[in-house]
Structures are given as structure tokens and as C-alpha cells.
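Have a look at my_file.cif below; it lists mmCIF, C-alpha atoms.
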data_run
loop_
_atom_site.label_atom_id
_atom_site.label_comp_id
_atom_site.auth_asym_id
_atom_site.auth_seq_id
_atom_site.Cartn_x
_atom_site.Cartn_y
_atom_site.Cartn_z
CA MET A 1 15.28 57.01 -12.36
CA ALA A 2 18.47 58.38 -13.86
CA SER A 3 18.56 61.71 -15.64
CA GLY A 4 19.05 61.99 -19.37
CA MET A 5 22.55 63.35 -18.82
CA GLU A 6 23.45 60.33 -16.65
CA ASN A 7 22.16 57.99 -19.36
CA LYS A 8 24.15 59.83 -22.03
CA ASN A 9 27.29 59.70 -19.86
CA LEU A 10 26.83 55.96 -19.34
CA VAL A 11 26.62 55.35 -23.11
CA GLU A 12 29.68 57.56 -23.71
CA SER A 13 31.56 55.57 -21.05
CA LEU A 14 30.66 52.37 -22.89
CA TYR A 15 32.25 53.71 -26.09
CA GLU A 16 35.34 54.88 -24.17
CA SER A 17 35.76 51.38 -22.72
CA LEU A 18 35.43 49.83 -26.17
CA ALA A 19 37.99 52.27 -27.63
CA LYS A 20 40.46 51.19 -24.93
CA GLY A 21 39.79 47.51 -25.66
CA ASP A 22 38.26 46.97 -22.22
CA THR A 23 35.35 44.73 -23.24
CA GLU A 24 34.88 43.49 -19.66
CA LYS A 25 34.20 47.03 -18.45
CA ALA A 26 31.96 47.65 -21.47
CA ALA A 27 30.00 44.47 -20.72
CA ALA A 28 29.41 45.69 -17.16
CA PHE A 29 27.22 48.47 -18.59
CA LEU A 30 24.92 45.89 -20.25
CA ALA A 31 22.08 43.87 -18.75
CA HIS A 32 22.65 40.10 -18.76
CA ASP A 33 19.48 39.69 -20.82
CA LEU A 34 20.13 42.59 -23.20
CA ASP A 35 17.41 42.91 -25.86
CA TRP A 36 19.55 43.41 -28.98
CA ARG A 37 18.31 44.00 -32.53
CA PHE A 38 20.49 44.49 -35.58
CA HIS A 39 19.35 46.13 -38.82
CA GLY A 40 21.76 45.95 -41.72
CA PRO A 41 23.99 43.54 -43.64
CA ARG A 42 25.07 40.52 -41.56
CA MET A 43 28.71 41.14 -42.36
CA CYS A 44 28.43 44.49 -40.58
CA GLN A 45 27.65 43.11 -37.12
CA HIS A 46 30.83 44.68 -35.73
CA MET A 47 29.43 45.57 -32.29
CA SER A 48 28.25 42.00 -31.72
CA ARG A 49 31.68 40.58 -32.57
CA LEU A 50 33.38 43.22 -30.44
CA LEU A 51 31.27 42.71 -27.30
CA THR A 52 31.38 38.91 -27.52
CA GLY A 53 35.18 38.97 -27.84
CA GLU A 54 35.16 37.46 -31.32
CA THR A 55 37.27 40.42 -32.52
CA GLY A 56 39.22 43.22 -30.93
CA PRO A 57 38.66 46.98 -31.13
CA THR A 58 40.99 47.29 -34.10
CA GLU A 59 38.56 45.62 -36.53
CA PHE A 60 36.11 48.49 -36.36
CA ASN A 61 36.35 51.67 -34.33
CA PHE A 62 33.00 52.93 -33.06
CA GLU A 63 33.69 56.59 -32.53
CA PRO A 64 30.36 58.41 -32.19
CA ARG A 65 30.17 61.75 -33.96
CA GLN A 66 27.07 62.63 -31.95
CA VAL A 67 25.42 61.22 -28.82
CA VAL A 68 21.94 62.52 -27.99
CA ASN A 69 19.58 61.81 -25.12
CA LEU A 70 16.00 61.49 -26.37
CA GLY A 71 14.59 62.59 -23.02
CA GLU A 72 11.87 60.01 -22.52
CA GLY A 73 12.14 56.32 -21.79
CA GLY A 74 15.90 56.39 -21.17
CA TRP A 75 16.76 56.24 -24.89
CA VAL A 76 20.16 57.52 -26.05
CA VAL A 77 21.13 57.70 -29.74
CA ALA A 78 24.74 57.59 -30.98
CA GLU A 79 25.66 57.94 -34.62
CA GLY A 80 28.85 57.87 -36.58
CA TRP A 81 30.45 57.24 -39.90
CA GLU A 82 33.82 56.14 -41.17
CA GLY A 83 34.80 57.12 -44.69
CA ASP A 84 32.30 57.55 -47.49
CA HIS A 85 30.32 54.32 -47.25
CA VAL A 86 30.04 53.36 -43.60
CA TYR A 87 27.23 54.89 -41.57
CA TRP A 88 25.84 53.57 -38.30
CA VAL A 89 23.35 54.48 -35.59
CA HIS A 90 23.13 52.88 -32.15
CA VAL A 91 20.08 53.32 -29.97
CA TRP A 92 20.49 52.39 -26.30
CA ALA A 93 17.80 52.14 -23.59
CA VAL A 94 19.11 52.77 -20.09
CA GLU A 95 17.11 51.63 -17.07
CA ASN A 96 18.37 52.00 -13.50
CA GLY A 97 21.93 52.62 -14.66
CA VAL A 98 22.10 49.57 -16.95
CA ILE A 99 21.65 49.29 -20.71
CA THR A 100 18.68 46.97 -21.24
CA ARG A 101 17.90 47.39 -24.95
CA PHE A 102 20.09 48.02 -27.97
CA ARG A 103 19.14 48.76 -31.57
CA GLU A 104 21.93 48.81 -34.14
CA TYR A 105 21.39 50.27 -37.61
CA PHE A 106 24.28 49.83 -40.01
CA ASN A 107 24.35 51.09 -43.61
CA THR A 108 20.62 50.71 -43.89
CA THR A 109 18.11 52.72 -45.85
CA VAL A 110 15.44 52.42 -43.19
CA THR A 111 12.58 54.83 -43.73
CA VAL A 112 9.56 55.42 -41.56
CA ARG A 113 6.31 56.43 -43.23
CA ALA A 114 3.61 58.66 -41.81
CA VAL A 115 5.89 60.12 -39.18
CA GLY A 116 5.40 63.60 -37.81
CA HIS A 117 8.51 65.52 -36.87
CA GLY A 118 9.40 64.87 -33.23
CA GLN A 119 6.18 62.95 -32.60
CA GLU A 120 5.54 59.39 -31.59
CA VAL A 121 3.99 56.90 -33.95
CA GLY A 122 1.77 53.94 -33.14
CA CYS A 123 2.79 50.51 -34.35
CA GLY A 124 0.68 47.37 -34.22
CA SER A 125 2.30 44.39 -32.54
CA ARG A 126 0.50 41.15 -31.63
CA GLY A 127 -2.90 42.77 -31.79
CA ARG A 128 -2.07 45.78 -29.61
CA TRP A 129 -0.80 49.26 -30.34
CA GLU A 130 2.54 50.39 -29.00
CA ARG A 131 4.05 53.85 -28.92
CA HIS A 132 7.49 54.41 -30.40
CA ALA A 133 9.83 57.36 -30.12
CA VAL A 134 10.96 58.88 -33.40
CA TRP A 135 14.46 60.17 -34.14
CA GLN A 136 15.86 61.71 -37.33
CA SER A 137 19.52 62.23 -38.19
CA LYS A 138 20.63 65.81 -38.58
CA SER A 139 24.26 64.93 -39.34
CA CYS A 140 23.69 64.58 -43.08
CA ARG A 141 23.23 68.35 -43.19
CA ARG A 142 26.62 68.95 -41.52
CA VAL A 143 28.85 67.07 -43.93
CA SER A 144 29.82 68.02 -47.45
CA ARG A 145 29.05 64.65 -48.98
CA SER A 146 25.83 62.86 -49.74
CA MET A 147 24.52 60.90 -46.77
CA PRO A 148 21.09 59.36 -46.26
CA GLY A 149 18.65 61.16 -43.99
CA LEU A 150 17.88 58.37 -41.56
CA VAL A 151 14.63 58.28 -39.57
CA LEU A 152 14.14 55.65 -36.87
CA ALA A 153 11.02 54.44 -35.10
CA ILE A 154 12.37 53.08 -31.83
#
Serialized structure, C-alpha cells:
Amino acid sequence: MASGMENKNLVESLYESLAKGDTEKAAAFLAHDLDWRFHGPRMCQHMSRLLTGETGPTEFNFEPRQVVNLGEGGWVVAEGWEGDHVYWVHVWAVENGVITRFREYFNTTVTVRAVGHGQEVGCGSRGRWERHAVWQSKSCRRVSRSMPGLVLAI
């Protein structure tokens, strides 16, 4: 099992490849059966269009402002913003050196109820309970403008 730092480095390498327009190299970091979920307006599916080759890296530049390893389960969170109205969070799961799951949150007002700080929360799914990691953005405190405080149940 890879360390959290190795997982974080892998995700950062993915963004570097995308910035250079090397989508083939970026795709090599992803599992063939990547579990991908998008949360946000359909017109904002920039990563999907970029990785499938529908558009080039000039349409939207994903430059993470912060990349954080969550420590358990191989999850790595990257967040960024461009201008006053564009805010995104990417959550990547790395297993055996390959990204297997991807959650993309784009300009969403997702809120999670009954969440303890830094704790996991149970979620019912198909009659069974699952455990989810919880992450909360701290970047909104670092900028001088109003930005939503985003909390994700992953």
C-alpha cells in the first residue's frame, strides 16, 4: 500500500500532466474502470471534457491551490478557484498507485448535516451502513472574498 505522500504526489503529477496538455500521460494515472461522480452544473464538467480529449487544457486550467492527503483509504483532496465565481474540489482515491475513484464538486453548495469535525459519518446505502470520510475546506478563511465553506462526505 502506498503512503499518503506517494498518493498526493501521484495526484499532483496528474495535474502537472494536464497543465502541459499531456492527456495520455494523465490518463495513465487512471484506472480503466474509474468510478467517476460529478456534482455541479452540467456545463461545468471541464475535467471530463479534458480527459476524454473533447477539449484541450486551454478551456479550463485546473491549478490546485491546495492538495491534501486524507490519510486513510488513499483519498487525496485538491481544491482550487479561478476568479470570483468558480470554485472546485476534486477528491481522488488512489489504490496500488492508480486512481480508482474520482469525485468532482464544481460550484456546488453541498452541505453535510450531522457531521462531527474530522469524524466519519454513516450513510445508508442499499440497506447497509457505510462509513464515509469527512473533509471541510479551510481555504475560505484564507481569501479576502466571500467563499462557501464546503463540507464533503466522501
Using all atoms listed in the file, which residue out of A:Val76, A:Pro64, A:Glu24, A:Lys138 lies closest to Thr100 of chain A?
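Closest to Thr100 of chain A of all the choices is A:Val76.
With all atoms listed in the file as the atoms that count, the minimum distance from Glu79 of chain A to the choices A:Ser48, A:Ser13, A:Gln136, A:Ser3 is reached by A:Gln136.
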What's around Gly21 of chain A at 8 Å? Count all atoms listed in the file, leave out sequence neighbours fewer than 2 positions away in its own chain, and write the answer as a PDB file with C-alpha atoms, keeping the file's coordinate frame.
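See out_32.pdb below for the written result:
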ATOM      1  CA  SER A  17      35.760  51.380 -22.720  1.00  0.00           C
ATOM      2  CA  LEU A  18      35.430  49.830 -26.170  1.00  0.00           C
ATOM      3  CA  ALA A  19      37.990  52.270 -27.630  1.00  0.00           C
ATOM      4  CA  THR A  23      35.350  44.730 -23.240  1.00  0.00           C
ATOM      5  CA  GLY A  56      39.220  43.220 -30.930  1.00  0.00           C
ATOM      6  CA  PRO A  57      38.660  46.980 -31.130  1.00  0.00           C
TER       7      PRO A  57
END
I would like the residues chosen by the PyMOL selection byres ((chain A and resi 95) around 12) on the shown file; could you give them as a ChimeraX atom specification?
/A:1-4,6-8,10-11,29-31,34,72-76,92-94,96-102
Matched chain/residue IDs from the PyMOL selection byres ((chain A and resi 44-47) around 12), as a PyMOL selection string:
chain A and resi 14-15+18-19+23+26-27+36-43+48-63+86-90+102-108
Go ahead and write the selection's residues with C-alpha atoms as a PDB file, in the frame of the given file.
ATOM      1  CA  LEU A  14      30.660  52.370 -22.890  1.00  0.00           C
ATOM      2  CA  TYR A  15      32.250  53.710 -26.090  1.00  0.00           C
ATOM      3  CA  LEU A  18      35.430  49.830 -26.170  1.00  0.00           C
ATOM      4  CA  ALA A  19      37.990  52.270 -27.630  1.00  0.00           C
ATOM      5  CA  THR A  23      35.350  44.730 -23.240  1.00  0.00           C
ATOM      6  CA  ALA A  26      31.960  47.650 -21.470  1.00  0.00           C
ATOM      7  CA  ALA A  27      30.000  44.470 -20.720  1.00  0.00           C
ATOM      8  CA  TRP A  36      19.550  43.410 -28.980  1.00  0.00           C
ATOM      9  CA  ARG A  37      18.310  44.000 -32.530  1.00  0.00           C
ATOM     10  CA  PHE A  38      20.490  44.490 -35.580  1.00  0.00           C
ATOM     11  CA  HIS A  39      19.350  46.130 -38.820  1.00  0.00           C
ATOM     12  CA  GLY A  40      21.760  45.950 -41.720  1.00  0.00           C
ATOM     13  CA  PRO A  41      23.990  43.540 -43.640  1.00  0.00           C
ATOM     14  CA  ARG A  42      25.070  40.520 -41.560  1.00  0.00           C
ATOM     15  CA  MET A  43      28.710  41.140 -42.360  1.00  0.00           C
ATOM     16  CA  SER A  48      28.250  42.000 -31.720  1.00  0.00           C
ATOM     17  CA  ARG A  49      31.680  40.580 -32.570  1.00  0.00           C
ATOM     18  CA  LEU A  50      33.380  43.220 -30.440  1.00  0.00           C
ATOM     19  CA  LEU A  51      31.270  42.710 -27.300  1.00  0.00           C
ATOM     20  CA  THR A  52      31.380  38.910 -27.520  1.00  0.00           C
ATOM     21  CA  GLY A  53      35.180  38.970 -27.840  1.00  0.00           C
ATOM     22  CA  GLU A  54      35.160  37.460 -31.320  1.00  0.00           C
ATOM     23  CA  THR A  55      37.270  40.420 -32.520  1.00  0.00           C
ATOM     24  CA  GLY A  56      39.220  43.220 -30.930  1.00  0.00           C
ATOM     25  CA  PRO A  57      38.660  46.980 -31.130  1.00  0.00           C
ATOM     26  CA  THR A  58      40.990  47.290 -34.100  1.00  0.00           C
ATOM     27  CA  GLU A  59      38.560  45.620 -36.530  1.00  0.00           C
ATOM     28  CA  PHE A  60      36.110  48.490 -36.360  1.00  0.00           C
ATOM     29  CA  ASN A  61      36.350  51.670 -34.330  1.00  0.00           C
ATOM     30  CA  PHE A  62      33.000  52.930 -33.060  1.00  0.00           C
ATOM     31  CA  GLU A  63      33.690  56.590 -32.530  1.00  0.00           C
ATOM     32  CA  VAL A  86      30.040  53.360 -43.600  1.00  0.00           C
ATOM     33  CA  TYR A  87      27.230  54.890 -41.570  1.00  0.00           C
ATOM     34  CA  TRP A  88      25.840  53.570 -38.300  1.00  0.00           C
ATOM     35  CA  VAL A  89      23.350  54.480 -35.590  1.00  0.00           C
ATOM     36  CA  HIS A  90      23.130  52.880 -32.150  1.00  0.00           C
ATOM     37  CA  PHE A 102      20.090  48.020 -27.970  1.00  0.00           C
ATOM     38  CA  ARG A 103      19.140  48.760 -31.570  1.00  0.00           C
ATOM     39  CA  GLU A 104      21.930  48.810 -34.140  1.00  0.00           C
ATOM     40  CA  TYR A 105      21.390  50.270 -37.610  1.00  0.00           C
ATOM     41  CA  PHE A 106      24.280  49.830 -40.010  1.00  0.00           C
ATOM     42  CA  ASN A 107      24.350  51.090 -43.610  1.00  0.00           C
ATOM     43  CA  THR A 108      20.620  50.710 -43.890  1.00  0.00           C
TER      44      THR A 108
END
Taken to one decimal, the atom CA of Ala78 of chain A-atom CA of Met5 of chain A distance is 13.6 Å
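Atom pair atom CA of Ala28 of chain A / atom CA of Val67 of chain A: separated by 19.8 Å.
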Output, as AutoDock Vina command-line options, the centre and edge lengths in Å (one decimal) of the axis-aligned box that contains all listed atoms of segment 64-75 of chain A with 8 Å of margin on each side.
--center_x 21.1 --center_y 59.4 --center_z -27.6 --size_x 34.5 --size_y 22.4 --size_z 28.8
Quick check, in Å to one decimal: how far apart do atom CA of Glu82 of chain A and atom CA of Glu12 of chain A lie?
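Going from atom CA of Glu82 of chain A over to atom CA of Glu12 of chain A, I get 18.0 Å.
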